[in-house]
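Source file: final_21.pdb. Holds: PDB, C-alpha atoms.
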```pdb
ATOM      1  CA  MET A   1     113.474  97.579 101.661
ATOM      2  CA  SER A   2     114.841  96.241  98.434
ATOM      3  CA  LYS A   3     112.764  96.442  95.291
ATOM      4  CA  ALA A   4     113.511  92.755  94.624
ATOM      5  CA  LEU A   5     111.656  91.741  97.796
ATOM      6  CA  MET A   6     108.698  93.899  96.850
ATOM      7  CA  ARG A   7     108.649  92.306  93.387
ATOM      8  CA  GLN A   8     108.803  88.788  94.834
ATOM      9  CA  SER A   9     105.886  89.293  97.194
ATOM     10  CA  GLY A  10     103.814  91.153  94.617
ATOM     11  CA  GLY A  11     104.493  88.569  91.926
ATOM     12  CA  GLY A  12     102.110  86.047  93.456
ATOM     13  CA  GLY A  13      99.083  87.340  91.585
ATOM     14  CA  GLY A  14      98.060  89.893  94.182
ATOM     15  CA  SER A  15      98.025  87.693  97.271
ATOM     16  CA  GLY A  16      97.753  89.735 100.440
ATOM     17  CA  VAL A  17      98.868  86.889 102.687
ATOM     18  CA  VAL A  18     102.609  87.616 102.590
ATOM     19  CA  PRO A  19     102.264  91.314 103.520
ATOM     20  CA  ALA A  20      99.698  90.463 106.209
ATOM     21  CA  VAL A  21     101.980  87.873 107.810
ATOM     22  CA  CYS A  22     104.921  90.279 107.638
ATOM     23  CA  SER A  23     102.867  92.983 109.310
ATOM     24  CA  ALA A  24     101.601  90.539 111.944
ATOM     25  CA  LEU A  25     105.168  89.682 112.917
ATOM     26  CA  ILE A  26     106.561  93.226 112.836
ATOM     27  CA  PRO A  27     104.077  96.110 112.548
ATOM     28  CA  GLY A  28     104.664  98.118 109.378
ATOM     29  CA  VAL A  29     106.699  95.547 107.440
ATOM     30  CA  GLY A  30     103.654  94.502 105.417
ATOM     31  CA  GLN A  31     103.238  98.096 104.296
ATOM     32  CA  LEU A  32     106.924  98.134 103.295
ATOM     33  CA  VAL A  33     106.433  94.975 101.253
ATOM     34  CA  ASN A  34     103.512  96.694  99.510
ATOM     35  CA  GLY A  35     105.711  99.721  98.776
ATOM     36  CA  GLU A  36     103.924 102.108 101.169
ATOM     37  CA  THR A  37     106.919 103.470 103.060
ATOM     38  CA  ASP A  38     105.234 106.451 104.723
ATOM     39  CA  LYS A  39     102.391 104.308 106.042
ATOM     40  CA  ALA A  40     104.904 101.686 107.242
ATOM     41  CA  VAL A  41     106.828 104.264 109.263
ATOM     42  CA  GLY A  42     103.597 105.550 110.807
ATOM     43  CA  VAL A  43     102.309 102.111 111.798
ATOM     44  CA  PHE A  44     105.693 101.113 113.225
ATOM     45  CA  ALA A  45     106.102 104.385 115.147
ATOM     46  CA  VAL A  46     102.650 104.148 116.748
ATOM     47  CA  ALA A  47     103.205 100.488 117.655
ATOM     48  CA  LEU A  48     106.626 101.281 119.126
ATOM     49  CA  VAL A  49     105.380 104.213 121.211
ATOM     50  CA  CYS A  50     102.437 102.162 122.460
ATOM     51  CA  GLY A  51     104.749  99.300 123.339
ATOM     52  CA  ILE A  52     106.956 101.604 125.377
ATOM     53  CA  ALA A  53     104.023 103.427 126.991
ATOM     54  CA  HIS A  54     102.400 100.126 127.927
ATOM     55  CA  GLY A  55     104.761  99.959 130.903
ATOM     56  CA  VAL A  56     103.605 103.303 132.326
ATOM     57  CA  PRO A  57     101.025 102.581 135.061
ATOM     58  CA  ILE A  58      98.542 105.381 134.380
ATOM     59  CA  ILE A  59      98.377 105.160 130.585
ATOM     60  CA  GLY A  60      99.387 101.530 130.100
ATOM     61  CA  GLY A  61      95.884 100.221 129.444
ATOM     62  CA  ILE A  62      95.088 102.902 126.890
ATOM     63  CA  ALA A  63      98.453 102.375 125.206
ATOM     64  CA  ALA A  64      97.793  98.638 124.999
ATOM     65  CA  LEU A  65      94.396  99.251 123.413
ATOM     66  CA  VAL A  66      95.777 101.730 120.878
ATOM     67  CA  GLY A  67      98.661  99.355 120.136
ATOM     68  CA  ALA A  68      96.284  96.439 119.542
ATOM     69  CA  VAL A  69      94.095  98.513 117.226
ATOM     70  CA  THR A  70      97.190  99.710 115.350
ATOM     71  CA  TRP A  71      98.412  96.120 114.982
ATOM     72  CA  LEU A  72      95.024  95.002 113.622
ATOM     73  CA  TYR A  73      94.939  97.964 111.239
ATOM     74  CA  GLY A  74      98.441  97.165 109.996
ATOM     75  CA  VAL A  75      97.634  93.512 109.316
ATOM     76  CA  GLY A  76      94.292  94.287 107.665
ATOM     77  CA  ASP A  77      95.645  97.115 105.561
ATOM     78  CA  ALA A  78      98.642  95.057 104.408
ATOM     79  CA  TYR A  79      96.286  92.266 103.323
ATOM     80  CA  VAL A  80      93.835  94.540 101.492
ATOM     81  CA  GLN A  81      96.544  96.565  99.748
ATOM     82  CA  GLY A  82      98.395  93.373  98.845
ATOM     83  CA  LYS A  83      95.241  91.969  97.232
ATOM     84  CA  LYS A  84      94.846  95.165  95.185
ATOM     85  CA  LYS A  85      98.324  94.751  93.670
ATOM     86  CA  LYS A  86      98.325  92.844  90.415
TER
END
```

What would you get if you wrote out this structure as structure tokens?
Amino acid sequence: MSKALMRQSGGGGGSGVVPAVCSALIPGVGQLVNGETDKAVGVFAVALVCGIAHGVPIIGGIAALVGAVTWLYGVGDAYVQGKKKK
């Protein structure tokens, strides 16, 4: 992710809306916008694995639940961390 994009989103006085919307659309992108690359990779990897495992009959329900919780965590964390940035 380019540093210019991170500067643009962070230049809004610490608004967490842009990272939260980014993370709502694609899990982990909000963390990238906030400059938290390791966390972004983790959120994206868990969401991706859960999305793939959702099609497996035995573990599909659990994967969907874990994926939904991961998505909510990603959006919430992106918002909170975005608000902390000044």

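CA of Val66 (chain A) is positioned 15.0 Å from CA of Gly28 (chain A).
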
Between A:Val33, A:Val80, A:Ile58, A:Leu65, single out the one closest to Pro19 (chain A), counting only C-alpha atoms.
A:Val33

List, as an mmCIF file with C-alpha atoms, in the frame of the given file, every residue that the PyMOL selection byres ((chain A and resi 69-78) around 9) selects in the file provided.
```cif
data_model
loop_
_atom_site.group_PDB
_atom_site.id
_atom_site.type_symbol
_atom_site.label_atom_id
_atom_site.label_comp_id
_atom_site.auth_asym_id
_atom_site.auth_seq_id
_atom_site.Cartn_x
_atom_site.Cartn_y
_atom_site.Cartn_z
ATOM 1 C CA GLY A 16 97.753 89.735 100.440
ATOM 2 C CA VAL A 17 98.868 86.889 102.687
ATOM 3 C CA VAL A 18 102.609 87.616 102.590
ATOM 4 C CA PRO A 19 102.264 91.314 103.520
ATOM 5 C CA ALA A 20 99.698 90.463 106.209
ATOM 6 C CA VAL A 21 101.980 87.873 107.810
ATOM 7 C CA CYS A 22 104.921 90.279 107.638
ATOM 8 C CA SER A 23 102.867 92.983 109.310
ATOM 9 C CA ALA A 24 101.601 90.539 111.944
ATOM 10 C CA ILE A 26 106.561 93.226 112.836
ATOM 11 C CA PRO A 27 104.077 96.110 112.548
ATOM 12 C CA GLY A 28 104.664 98.118 109.378
ATOM 13 C CA VAL A 29 106.699 95.547 107.440
ATOM 14 C CA GLY A 30 103.654 94.502 105.417
ATOM 15 C CA GLN A 31 103.238 98.096 104.296
ATOM 16 C CA LEU A 32 106.924 98.134 103.295
ATOM 17 C CA VAL A 33 106.433 94.975 101.253
ATOM 18 C CA ASN A 34 103.512 96.694 99.510
ATOM 19 C CA ALA A 40 104.904 101.686 107.242
ATOM 20 C CA VAL A 43 102.309 102.111 111.798
ATOM 21 C CA PHE A 44 105.693 101.113 113.225
ATOM 22 C CA VAL A 46 102.650 104.148 116.748
ATOM 23 C CA ALA A 47 103.205 100.488 117.655
ATOM 24 C CA ALA A 64 97.793 98.638 124.999
ATOM 25 C CA LEU A 65 94.396 99.251 123.413
ATOM 26 C CA VAL A 66 95.777 101.730 120.878
ATOM 27 C CA GLY A 67 98.661 99.355 120.136
ATOM 28 C CA ALA A 68 96.284 96.439 119.542
ATOM 29 C CA TYR A 79 96.286 92.266 103.323
ATOM 30 C CA VAL A 80 93.835 94.540 101.492
ATOM 31 C CA GLN A 81 96.544 96.565 99.748
ATOM 32 C CA GLY A 82 98.395 93.373 98.845
ATOM 33 C CA LYS A 83 95.241 91.969 97.232
#
```

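In this model, the gap between CA of Ala63 (chain A) and CA of Gly42 (chain A) comes to 15.6 Å.
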
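One distance worth recording is that between CA of Leu25 (chain A) and CA of Asp38 (chain A), which is 18.7 Å.
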